[in-house]
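For reference, final_32.csv (CSV, C-alpha atoms and all ligand atoms):
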```csv
chain,number,residue,atom,x,y,z
A,1,MET,CA,-130.6,115.9,-31.0
A,2,ILE,CA,-130.6,112.9,-28.7
A,3,LYS,CA,-128.1,110.1,-28.8
A,4,THR,CA,-129.4,106.8,-30.3
A,5,PRO,CA,-130.0,104.0,-29.6
A,6,VAL,CA,-132.2,105.1,-26.7
A,7,TYR,CA,-132.0,102.7,-23.8
A,8,MET,CA,-135.4,102.0,-22.2
A,9,ASP,CA,-134.8,98.5,-20.8
A,10,TYR,CA,-133.7,99.3,-17.2
A,11,HIS,CA,-135.5,96.2,-15.8
A,12,ALA,CA,-133.0,94.0,-17.7
A,13,THR,CA,-129.9,95.8,-16.5
A,14,THR,CA,-128.6,99.3,-15.8
A,15,PRO,CA,-125.3,101.0,-16.7
A,16,VAL,CA,-122.7,101.4,-13.9
A,17,ASP,CA,-123.0,104.9,-12.4
A,18,LYS,CA,-119.7,106.8,-12.8
A,19,ARG,CA,-119.5,107.3,-9.1
A,20,VAL,CA,-119.8,103.6,-8.6
A,21,LEU,CA,-117.0,102.9,-11.1
A,22,ASP,CA,-114.7,105.5,-9.4
A,23,ALA,CA,-115.2,103.7,-6.1
A,24,MET,CA,-114.4,100.3,-7.7
A,25,MET,CA,-111.3,101.2,-9.7
A,26,PRO,CA,-108.6,101.0,-6.9
A,27,PHE,CA,-109.7,97.5,-6.1
A,28,PHE,CA,-108.7,96.1,-9.4
A,29,THR,CA,-105.2,97.5,-9.2
A,30,GLU,CA,-103.4,98.7,-6.0
A,31,HIS,CA,-106.0,97.2,-3.6
A,32,PHE,CA,-106.2,93.8,-5.3
A,33,GLY,CA,-105.9,91.7,-2.2
A,34,ASN,CA,-108.0,88.7,-1.3
A,35,ALA,CA,-110.5,89.6,1.4
A,36,ALA,CA,-109.8,86.2,3.0
A,37,SER,CA,-106.0,86.7,3.2
A,38,LEU,CA,-105.8,88.0,6.7
A,39,GLN,CA,-102.1,87.7,7.3
A,40,HIS,CA,-101.2,90.9,5.5
A,41,ARG,CA,-102.2,94.4,4.6
A,42,PHE,CA,-103.4,93.6,1.1
A,43,GLY,CA,-106.0,91.2,2.6
A,44,TRP,CA,-106.9,93.6,5.4
A,45,ILE,CA,-107.6,96.5,3.0
A,46,ALA,CA,-109.8,94.3,0.8
A,47,LYS,CA,-111.6,92.8,3.8
A,48,GLU,CA,-112.3,96.3,5.3
A,49,ALA,CA,-113.7,97.5,1.9
A,50,VAL,CA,-116.0,94.5,1.8
A,51,GLU,CA,-117.2,95.0,5.3
A,52,ILE,CA,-118.0,98.7,4.6
A,53,ALA,CA,-120.0,97.7,1.6
A,54,ARG,CA,-121.8,95.0,3.6
A,55,LYS,CA,-122.8,97.6,6.2
A,56,LYS,CA,-124.2,100.0,3.6
A,57,ILE,CA,-126.2,97.1,2.0
A,58,ALA,CA,-127.5,95.9,5.3
A,59,LYS,CA,-128.6,99.4,6.4
A,60,ALA,CA,-130.5,99.8,3.1
A,61,ILE,CA,-132.9,97.0,4.0
A,62,ASN,CA,-132.7,97.4,7.8
A,63,VAL,CA,-130.8,94.2,8.7
A,64,GLN,CA,-127.5,93.3,10.4
A,65,PRO,CA,-124.3,93.2,8.2
A,66,ARG,CA,-123.6,89.6,9.2
A,67,GLU,CA,-127.0,88.6,7.7
A,68,ILE,CA,-125.8,89.6,4.2
A,69,ILE,CA,-124.2,86.8,2.1
A,70,PHE,CA,-122.5,87.9,-1.1
A,71,THR,CA,-123.3,85.9,-4.3
A,72,SER,CA,-122.8,86.3,-8.0
A,73,GLY,CA,-126.3,87.8,-8.5
A,74,ALA,CA,-130.0,87.3,-8.0
A,75,THR,CA,-130.1,84.0,-9.8
A,76,GLU,CA,-127.6,82.5,-7.4
A,77,SER,CA,-129.3,84.1,-4.4
A,78,ASN,CA,-132.7,82.7,-5.4
A,79,ASN,CA,-131.2,79.2,-6.0
A,80,LEU,CA,-129.3,79.4,-2.6
A,81,ALA,CA,-132.4,80.5,-0.7
A,82,LEU,CA,-134.9,78.0,-2.2
A,83,LYS,CA,-132.6,74.9,-2.4
A,84,GLY,CA,-130.8,75.9,0.8
A,85,VAL,CA,-134.0,76.0,2.9
A,86,ALA,CA,-135.6,73.0,1.2
A,87,HIS,CA,-132.5,70.9,1.9
A,88,SER,CA,-132.1,72.1,5.5
A,89,LEU,CA,-135.8,71.6,6.3
A,90,ARG,CA,-136.3,68.3,4.4
A,91,SER,CA,-137.1,66.4,7.6
A,92,LYS,CA,-139.8,69.0,8.5
A,93,GLY,CA,-141.8,69.0,5.3
A,94,ASN,CA,-141.6,69.0,1.5
A,95,HIS,CA,-144.1,71.6,0.4
A,96,ILE,CA,-143.1,74.9,-1.3
A,97,ILE,CA,-145.5,77.7,-2.3
A,98,THR,CA,-144.6,80.2,-5.0
A,99,THR,CA,-146.4,82.2,-7.8
A,100,GLN,CA,-146.9,82.1,-11.5
A,101,ILE,CA,-145.1,85.4,-12.1
A,102,GLU,CA,-141.8,84.7,-10.5
A,103,HIS,CA,-138.5,85.1,-12.4
A,104,LYS,CA,-137.5,81.9,-14.2
A,105,CYS,CA,-134.7,81.3,-11.7
A,106,VAL,CA,-137.2,80.9,-8.9
A,107,LEU,CA,-139.6,78.7,-11.0
A,108,GLU,CA,-136.7,76.6,-12.4
A,109,SER,CA,-135.2,76.1,-8.9
A,110,CYS,CA,-138.7,74.9,-7.7
A,111,LYS,CA,-138.9,72.6,-10.7
A,112,SER,CA,-135.5,71.1,-9.9
A,113,LEU,CA,-136.6,70.6,-6.2
A,114,GLU,CA,-139.7,68.8,-7.6
A,115,THR,CA,-137.5,66.2,-9.1
A,116,GLU,CA,-136.0,65.6,-5.6
A,117,GLY,CA,-139.5,64.9,-4.2
A,118,PHE,CA,-140.6,68.3,-3.1
A,119,ARG,CA,-144.2,69.4,-3.8
A,120,ILE,CA,-144.7,72.8,-5.4
A,121,THR,CA,-147.8,74.9,-5.4
A,122,ILE,CA,-147.7,77.7,-7.9
A,123,LEU,CA,-150.3,80.3,-7.1
A,124,PRO,CA,-152.2,82.3,-9.7
A,125,VAL,CA,-152.3,86.2,-9.7
A,126,ASP,CA,-155.2,88.5,-10.6
A,127,LYS,CA,-155.4,90.6,-13.8
A,128,THR,CA,-153.1,93.3,-12.2
A,129,GLY,CA,-150.5,90.7,-11.4
A,130,LYS,CA,-151.2,90.6,-7.7
A,131,VAL,CA,-151.1,87.6,-5.4
A,132,ASN,CA,-154.1,87.2,-3.1
A,133,VAL,CA,-153.0,86.8,0.5
A,134,GLU,CA,-156.0,84.5,1.1
A,135,ASP,CA,-154.7,82.2,-1.6
A,136,VAL,CA,-151.3,81.9,0.2
A,137,LYS,CA,-153.1,81.2,3.4
A,138,ASN,CA,-155.3,78.5,1.9
A,139,ALA,CA,-152.3,76.8,0.2
A,140,ILE,CA,-150.4,76.4,3.4
A,141,THR,CA,-150.4,72.8,4.8
A,142,ASP,CA,-148.6,71.1,7.7
A,143,SER,CA,-145.8,70.1,5.3
A,144,THR,CA,-145.2,73.7,4.0
A,145,ILE,CA,-141.7,74.8,4.6
A,146,ILE,CA,-141.2,77.9,2.4
A,147,VAL,CA,-143.3,80.6,0.7
A,148,SER,CA,-141.5,82.5,-2.0
A,149,VAL,CA,-143.2,85.6,-3.5
A,150,MET,CA,-141.3,88.3,-5.4
A,151,PHE,CA,-141.3,91.9,-4.2
A,152,ALA,CA,-142.0,93.6,-7.6
A,153,ASN,CA,-142.3,92.0,-11.0
A,154,ASN,CA,-139.7,92.6,-13.6
A,155,GLU,CA,-142.1,92.7,-16.5
A,156,ILE,CA,-145.3,94.5,-15.4
A,157,GLY,CA,-143.9,96.2,-12.3
A,158,THR,CA,-146.7,95.0,-9.9
A,159,ILE,CA,-145.7,95.3,-6.2
A,160,GLN,CA,-146.9,92.4,-4.0
A,161,PRO,CA,-148.5,92.6,-0.5
A,162,ILE,CA,-145.2,91.5,1.0
A,163,ALA,CA,-145.8,92.8,4.5
A,164,GLU,CA,-149.1,90.9,4.7
A,165,ILE,CA,-147.6,87.7,3.4
A,166,GLY,CA,-144.7,88.1,5.8
A,167,LYS,CA,-147.1,88.5,8.7
A,168,LEU,CA,-149.0,85.4,7.7
A,169,CYS,CA,-145.8,83.3,7.4
A,170,ALA,CA,-144.5,84.5,10.7
A,171,GLU,CA,-147.8,83.5,12.4
A,172,LYS,CA,-147.6,80.0,10.7
A,173,GLY,CA,-143.9,79.5,11.4
A,174,ILE,CA,-143.1,79.2,7.7
A,175,VAL,CA,-139.9,80.5,6.1
A,176,PHE,CA,-140.7,83.5,3.8
A,177,HIS,CA,-138.4,84.4,0.9
A,178,THR,CA,-138.8,87.3,-1.5
A,179,ASP,CA,-136.9,88.0,-4.7
A,180,ALA,CA,-136.5,91.7,-4.3
A,181,THR,CA,-134.2,92.3,-7.3
A,182,GLN,CA,-136.5,94.9,-8.8
A,183,GLY,CA,-137.3,96.4,-5.4
A,184,VAL,CA,-134.0,97.1,-3.5
A,185,GLY,CA,-132.8,100.6,-4.3
A,186,ARG,CA,-136.0,101.5,-6.1
A,187,ILE,CA,-138.7,101.4,-3.4
A,188,PRO,CA,-138.4,101.4,0.4
A,189,ILE,CA,-137.9,97.9,1.9
A,190,ASP,CA,-137.9,97.2,5.6
A,191,VAL,CA,-137.1,93.5,6.2
A,192,GLU,CA,-137.8,93.8,9.9
A,193,ALA,CA,-141.2,95.4,9.5
A,194,MET,CA,-142.2,93.1,6.7
A,195,ASN,CA,-141.2,89.9,8.5
A,196,ILE,CA,-139.0,88.7,5.6
A,197,HIS,CA,-136.6,85.8,6.3
A,198,LEU,CA,-134.7,85.6,3.1
A,199,LEU,CA,-134.3,88.3,0.4
A,200,SER,CA,-132.5,88.2,-2.9
A,201,PHE,CA,-131.1,91.1,-4.9
A,202,ALA,CA,-128.5,92.1,-7.4
A,203,SER,CA,-126.1,95.0,-8.0
A,204,HIS,CA,-126.6,95.4,-11.8
A,205,LYS,CA,-130.3,96.4,-11.5
A,206,MET,CA,-129.3,99.5,-9.4
A,207,TYR,CA,-126.4,101.0,-11.3
A,208,GLY,CA,-123.8,98.7,-9.9
A,209,PRO,CA,-121.6,96.1,-11.7
A,210,LYS,CA,-122.9,92.8,-13.1
A,211,GLY,CA,-121.9,89.5,-11.5
A,212,VAL,CA,-122.5,90.5,-7.8
A,213,GLY,CA,-125.6,90.1,-5.7
A,214,ALA,CA,-126.6,89.2,-2.2
A,215,LEU,CA,-128.9,87.0,-0.1
A,216,TYR,CA,-130.2,88.3,3.2
A,217,VAL,CA,-130.5,85.4,5.6
A,218,ARG,CA,-132.2,86.2,9.0
A,219,SER,CA,-130.0,85.3,11.9
A,220,ARG,CA,-132.5,85.6,14.8
A,221,ASN,CA,-136.3,85.7,15.5
A,222,PRO,CA,-136.1,83.1,13.9
A,223,ARG,CA,-132.7,82.1,12.8
A,224,ILE,CA,-133.0,80.6,9.3
A,225,ALA,CA,-130.8,77.7,8.5
A,226,ILE,CA,-129.8,77.1,4.9
A,227,GLU,CA,-127.6,74.5,3.3
A,228,ALA,CA,-124.7,75.8,1.2
A,229,GLN,CA,-125.0,75.1,-2.5
A,230,MET,CA,-121.3,76.0,-3.1
A,231,ASN,CA,-118.8,74.1,-1.1
A,232,GLY,CA,-115.3,75.2,-0.5
A,233,ALA,CA,-113.1,77.1,1.9
A,234,GLY,CA,-116.0,78.4,4.0
A,235,HIS,CA,-116.4,82.0,3.0
A,236,GLU,CA,-119.6,83.9,4.0
A,237,HIS,CA,-120.3,81.9,7.2
A,238,ASN,CA,-119.8,78.7,5.2
A,239,LEU,CA,-122.9,79.5,3.1
A,240,ARG,CA,-121.2,80.6,-0.1
A,241,SER,CA,-117.6,79.6,-0.6
A,242,GLY,CA,-115.4,81.3,-3.2
A,243,THR,CA,-113.0,84.3,-3.2
A,244,LEU,CA,-115.1,87.4,-2.9
A,245,ASN,CA,-115.5,89.8,-5.9
A,246,VAL,CA,-114.0,92.7,-3.9
A,247,ALA,CA,-114.3,95.4,-6.6
A,248,GLY,CA,-117.8,94.2,-7.5
A,249,ILE,CA,-118.9,94.3,-3.8
A,250,VAL,CA,-117.4,97.8,-3.3
A,251,GLY,CA,-119.4,98.9,-6.4
A,252,PHE,CA,-122.5,97.2,-5.1
A,253,GLY,CA,-122.2,99.0,-1.7
A,254,THR,CA,-121.7,102.4,-3.4
A,255,ALA,CA,-124.6,101.7,-5.8
A,256,VAL,CA,-126.9,100.9,-2.9
A,257,GLN,CA,-125.9,104.0,-1.0
A,258,ILE,CA,-126.5,106.3,-4.0
A,259,ALA,CA,-129.8,104.6,-4.7
A,260,MET,CA,-131.0,105.1,-1.1
A,261,ASP,CA,-129.8,108.7,-0.9
A,262,GLU,CA,-131.4,109.6,-4.1
A,263,MET,CA,-134.5,107.3,-4.1
A,264,GLU,CA,-137.1,109.9,-3.3
A,265,GLU,CA,-136.0,112.5,-5.7
A,266,GLU,CA,-135.3,109.9,-8.5
A,267,ASN,CA,-138.7,108.3,-8.1
A,268,ILE,CA,-140.5,111.7,-8.4
A,269,ARG,CA,-138.7,112.2,-11.6
A,270,LEU,CA,-139.2,108.7,-12.9
A,271,PHE,CA,-142.8,108.7,-12.0
A,272,ARG,CA,-143.4,111.9,-14.0
A,273,LEU,CA,-141.5,110.6,-17.0
A,274,ARG,CA,-143.2,107.3,-16.9
A,275,ASN,CA,-146.6,108.9,-16.7
A,276,ARG,CA,-145.7,111.2,-19.6
A,277,LEU,CA,-144.8,108.2,-21.8
A,278,GLN,CA,-147.9,106.3,-20.6
A,279,GLU,CA,-150.2,109.2,-21.5
A,280,LYS,CA,-148.7,109.6,-24.9
A,281,LEU,CA,-148.8,105.9,-25.7
A,282,LEU,CA,-152.3,105.2,-24.4
A,283,LYS,CA,-153.6,108.0,-26.7
A,284,LEU,CA,-152.9,105.5,-29.6
A,285,GLU,CA,-155.8,103.4,-30.6
A,286,LYS,CA,-156.1,99.8,-29.4
A,287,THR,CA,-153.5,100.0,-26.6
A,288,THR,CA,-153.9,98.7,-23.1
A,289,PRO,CA,-151.6,99.1,-20.1
A,290,ASN,CA,-150.6,96.0,-18.1
A,291,GLY,CA,-149.8,95.7,-14.4
A,292,HIS,CA,-151.3,97.4,-11.4
A,293,ALA,CA,-152.5,101.0,-11.9
A,294,THR,CA,-150.9,102.3,-8.7
A,295,GLU,CA,-149.0,99.6,-6.9
A,296,ARG,CA,-146.4,99.4,-9.6
A,297,LEU,CA,-142.7,100.3,-9.9
A,298,PRO,CA,-142.4,104.0,-10.8
A,299,ASN,CA,-140.1,103.2,-13.8
A,300,ASN,CA,-142.2,100.5,-15.3
A,301,LEU,CA,-144.6,100.7,-18.3
A,302,ASN,CA,-145.9,97.6,-20.0
A,303,ILE,CA,-148.3,98.1,-22.9
A,304,THR,CA,-150.2,95.8,-25.3
A,305,PHE,CA,-150.4,97.3,-28.8
A,306,HIS,CA,-153.2,95.1,-30.2
A,307,ASN,CA,-152.8,93.6,-33.6
A,308,ILE,CA,-149.1,94.6,-33.7
A,309,ASN,CA,-146.4,92.0,-33.5
A,310,SER,CA,-143.9,93.3,-30.9
A,311,ASP,CA,-140.9,91.7,-32.6
A,312,GLN,CA,-141.9,93.4,-35.8
A,313,LEU,CA,-142.3,96.7,-33.9
A,314,MET,CA,-138.9,96.4,-32.4
A,315,THR,CA,-137.3,95.6,-35.7
A,316,GLU,CA,-138.9,98.7,-37.2
A,317,MET,CA,-137.7,100.7,-34.2
A,318,ASN,CA,-134.2,99.5,-33.8
A,319,ASP,CA,-132.9,102.8,-32.4
A,320,VAL,CA,-134.9,102.2,-29.3
A,321,ALA,CA,-134.0,99.4,-26.8
A,322,VAL,CA,-137.1,98.0,-25.2
A,323,SER,CA,-138.2,94.4,-24.4
A,324,ALA,CA,-140.9,92.3,-26.0
A,325,GLY,CA,-143.5,90.2,-24.3
A,326,SER,CA,-142.4,87.2,-26.3
A,327,ALA,CA,-139.5,85.0,-25.5
A,328,CYS,CA,-137.9,82.3,-27.7
A,329,THR,CA,-136.5,79.6,-25.5
A,330,SER,CA,-133.8,77.4,-26.8
A,331,GLU,CA,-135.6,74.1,-25.9
A,332,GLU,CA,-138.4,75.0,-28.2
A,333,ILE,CA,-136.5,76.2,-31.2
A,334,GLY,CA,-138.6,78.0,-33.7
A,335,GLU,CA,-141.7,78.0,-31.5
A,336,VAL,CA,-142.1,81.6,-30.2
A,337,GLN,CA,-143.6,81.5,-26.8
A,338,TYR,CA,-144.9,84.4,-24.9
A,339,SER,CA,-144.1,85.6,-21.4
A,340,HIS,CA,-145.3,83.4,-18.6
A,341,VAL,CA,-146.1,86.6,-16.7
A,342,LEU,CA,-148.4,88.0,-19.4
A,343,HIS,CA,-150.0,84.6,-19.6
A,344,ALA,CA,-150.6,84.6,-15.8
A,345,ILE,CA,-152.4,88.0,-16.0
A,346,GLY,CA,-154.7,86.6,-18.6
A,347,LEU,CA,-153.3,87.8,-21.9
A,348,ASP,CA,-153.7,85.3,-24.7
A,349,GLN,CA,-150.9,84.5,-27.2
A,350,GLU,CA,-152.0,87.2,-29.6
A,351,ALA,CA,-151.9,89.9,-26.9
A,352,GLY,CA,-148.8,88.5,-25.3
A,353,ARG,CA,-147.0,88.8,-28.6
A,354,SER,CA,-148.2,92.4,-29.0
A,355,THR,CA,-146.7,93.6,-25.7
A,356,ILE,CA,-143.8,95.9,-25.0
A,357,ARG,CA,-142.0,96.6,-21.7
A,358,PHE,CA,-140.5,100.1,-21.2
A,359,GLY,CA,-138.1,100.4,-18.4
A,360,LEU,CA,-137.0,103.9,-17.5
A,361,GLY,CA,-134.1,104.8,-15.3
A,362,ARG,CA,-131.6,107.2,-13.8
A,363,PHE,CA,-130.3,108.5,-17.2
A,364,THR,CA,-133.7,108.7,-19.0
A,365,SER,CA,-134.5,112.2,-20.2
A,366,GLU,CA,-137.7,113.9,-21.1
A,367,GLU,CA,-136.4,114.2,-24.7
A,368,GLU,CA,-135.9,110.5,-24.8
A,369,VAL,CA,-139.4,109.8,-23.6
A,370,ASP,CA,-140.8,112.1,-26.3
A,371,TYR,CA,-138.6,110.6,-28.9
A,372,VAL,CA,-139.7,107.0,-28.0
A,373,ALA,CA,-143.4,108.0,-28.0
A,374,GLU,CA,-143.0,109.6,-31.4
A,375,ARG,CA,-141.1,106.6,-32.8
A,376,ILE,CA,-143.8,104.2,-31.5
A,377,ASN,CA,-146.5,106.4,-33.0
A,378,THR,CA,-144.9,106.4,-36.4
A,379,VAL,CA,-144.1,102.7,-36.5
A,380,ILE,CA,-147.5,101.6,-35.2
A,381,SER,CA,-149.4,103.7,-37.8
A,382,LYS,CA,-147.1,102.3,-40.5
A,383,LEU,CA,-147.7,98.7,-39.3
A,384,ARG,CA,-151.4,99.1,-38.9
A,385,THR,CA,-151.7,100.7,-42.4
A,386,PHE,CA,-149.8,97.7,-43.9
A,387,SER,CA,-152.0,95.1,-42.1
A,388,ALA,CA,-155.1,97.1,-43.1
A,389,VAL,CA,-154.3,96.7,-46.8
A,390,GLY,CA,-153.2,93.1,-46.3
A,391,VAL,CA,-149.6,93.6,-47.1
B,1,LIG,C1,-132.8,90.4,-13.1
B,1,LIG,C2,-133.6,89.6,-12.2
B,1,LIG,C3,-133.2,88.3,-11.7
B,1,LIG,C4,-131.9,87.7,-12.1
B,1,LIG,O1,-130.8,88.5,-11.7
B,1,LIG,P1,-129.3,88.2,-12.1
B,1,LIG,O2,-128.5,89.0,-11.2
B,1,LIG,O3,-129.2,88.6,-13.5
B,1,LIG,O4,-129.0,86.7,-11.8
B,1,LIG,C5,-134.0,87.7,-10.8
B,1,LIG,N1,-135.2,88.2,-10.4
B,1,LIG,C6,-135.6,89.4,-10.9
B,1,LIG,C7,-137.0,89.9,-10.4
B,1,LIG,C8,-134.9,90.1,-11.8
B,1,LIG,O5,-135.4,91.3,-12.3
```

Once more with this new file: its structure as structure tokens, please.
Amino acid sequence: MIKTPVYMDYHATTPVDKRVLDAMMPFFTEHFGNAASLQHRFGWIAKEAVEIARKKIAKAINVQPREIIFTSGATESNNLALKGVAHSLRSKGNHIITTQIEHKCVLESCKSLETEGFRITILPVDKTGKVNVEDVKNAITDSTIIVSVMFANNEIGTIQPIAEIGKLCAEKGIVFHTDATQGVGRIPIDVEAMNIHLLSFASHKMYGPKGVGALYVRSRNPRIAIEAQMNGAGHEHNLRSGTLNVAGIVGFGTAVQIAMDEMEEENIRLFRLRNRLQEKLLKLEKTTPNGHATERLPNNLNITFHNINSDQLMTEMNDVAVSAGSACTSEEIGEVQYSHVLHAIGLDQEAGRSTIRFGLGRFTSEEEVDYVAERINTVISKLRTFSAVGV
């Protein structure tokens, strides 16, 4: 017997690994010091722990520790990167290039910059969710100051040609930012080799605690200047003021280290489990996979079950936690929209509302995969029988 509900929504968040929690615990109680209180031992201990975590995090993406700025998560990192660069390069240009499939926090940051007079180009993607490097090249003008393309998509898992875009931006002297929240700790990332200037990520997507993230800001070749969005006592090289979340940062560091140490082994396992689920589900009639066939996160599976409403499917299958391709936004109460990512890869409203995202992770078992496949099978045949008889 397996324990229900089964969690298969690892792109949304992950549980804290027990090893991470163990590392964090002392920093809530005996080592509670403020990492900025450098006149006494409490502060020194906290500061030392933060710097050890910073080193681990920097090493994971091949950068210098001083280039890591701690934030509250990827949303804040993306806001800081985009608004920070836009404000600091305002005299140089006002044009920003991004893509249709970015996380809302990138798209909304761009929208907010648009109201300040910045011009935004939102590039399309192909059917697999990939950005065409030629499109990026053609969109660049004399006034372009930043290109922001995510590393891997959180809905369909498609991995972007980041090294090629990085090379292009380096040649053109344009700042290149990537939202690598789904990438760090899951797939290898080398900031140096990929010519990345700014990179956002978060702890809770890799078995660390929620509420802590980081922004990598390149300090040389070239040095990237960003304007702080949070003003205060000058923490994090004056780029992000506020008392550091010491326990969270310690957990983040431990989570990154575990993810890096176990990445290869974990990915072989996830790849096998994901493919097992994929094979089982694609055997069902009228199902199509979304995202890129090979350049895709090993734990991602996104499937359209044609003529099935995904909300209805999830209601019938409430012992399995997955995510639907529809999203009800508070501004448009009652009007169910479907995901902007599915729209971007060419799914119509009908298909978009019939789509389910499965996110596998460290604690997913083969039994769970088989259970979910079986549940989907049962629920789909039930729903299809109902709709066939017009109920
Ligand atoms: C989860 C996620 C975010 C937001 O991260 P938070 O830490 O929750 O703010 C941004 N981008 C991507 C790609 C994500 O998956």

Inset, instruction - Go through the chains and note each residue within 10 Å of ligand LIG 1 (chain B), using all atoms listed in the file, then give the set as a ChimeraX atom specification. - result: /A:10-13,71-79,101-106,150-155,157,178-183,200-205,209-214

Legend entry - Minimum-distance residue to Glu295 (chain A), chosen among A:Ile159, A:Ile174, A:Ile52, A:Val125 (using all atoms listed in the file): A:Ile159

Inset, instruction - Can you pull out every residue within 12 Å of Arg119 (chain A), counting all atoms listed in the file, but drop anything in the same chain fewer than 3 positions away, and send it as a PyMOL selection string? - result: chain A and resi 86+90+93-98+110-116+122+139-141+143-146

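Contact shell of Met263 (chain A) at 8 Å (only C-alpha atoms; same-chain neighbours under 5 positions omitted): A:Gly185, A:Arg186, A:Ile187.
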
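CA of Val184 (chain A) is found 14.6 Å from CA of Arg362 (chain A).
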
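Ranking A:Arg276, A:His306, A:His197, A:His292 by their shortest atom-to-atom distance to Asp370 (chain A), with all atoms listed in the file included, puts A:Arg276 first.
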
Write out all heavy atoms for region 192-197 of chain A, as a compact mmCIF listing (two decimals), keeping the file's coordinate frame.
```txt
# COMPACT_ATOMS: atom_id res chain seq x y z
N GLU A 192 -137.32 94.00 8.59
CA GLU A 192 -137.80 93.80 9.90
C GLU A 192 -139.36 93.95 9.96
O GLU A 192 -140.10 93.06 10.37
CB GLU A 192 -137.23 94.80 10.92
CG GLU A 192 -136.05 94.35 11.73
CD GLU A 192 -136.09 92.92 12.21
OE1 GLU A 192 -137.08 92.52 12.86
OE2 GLU A 192 -135.12 92.20 11.94
N ALA A 193 -139.80 95.10 9.50
CA ALA A 193 -141.20 95.40 9.50
C ALA A 193 -142.05 94.48 8.67
O ALA A 193 -143.23 94.24 8.95
CB ALA A 193 -141.45 96.87 9.10
N MET A 194 -141.45 93.95 7.62
CA MET A 194 -142.20 93.10 6.70
C MET A 194 -142.07 91.62 6.98
O MET A 194 -142.59 90.80 6.22
CB MET A 194 -141.72 93.40 5.25
CG MET A 194 -142.07 94.81 4.78
SD MET A 194 -141.30 95.21 3.20
CE MET A 194 -142.21 96.70 2.76
N ASN A 195 -141.38 91.27 8.06
CA ASN A 195 -141.20 89.90 8.50
C ASN A 195 -140.64 88.98 7.37
O ASN A 195 -141.08 87.86 7.13
CB ASN A 195 -142.59 89.28 8.88
CG ASN A 195 -143.01 89.75 10.26
OD1 ASN A 195 -142.32 89.50 11.24
ND2 ASN A 195 -144.11 90.46 10.32
N ILE A 196 -139.62 89.50 6.70
CA ILE A 196 -139.00 88.70 5.60
C ILE A 196 -137.83 87.91 6.25
O ILE A 196 -137.09 88.39 7.11
CB ILE A 196 -138.43 89.69 4.55
CG1 ILE A 196 -139.60 90.41 3.85
CG2 ILE A 196 -137.56 88.95 3.54
CD1 ILE A 196 -139.21 91.63 3.07
N HIS A 197 -137.70 86.66 5.82
CA HIS A 197 -136.60 85.80 6.30
C HIS A 197 -135.45 85.70 5.40
O HIS A 197 -134.31 85.56 5.83
CB HIS A 197 -137.19 84.36 6.57
CG HIS A 197 -138.25 84.31 7.63
ND1 HIS A 197 -139.36 83.50 7.53
CD2 HIS A 197 -138.38 84.99 8.80
CE1 HIS A 197 -140.12 83.67 8.61
NE2 HIS A 197 -139.55 84.57 9.38
```
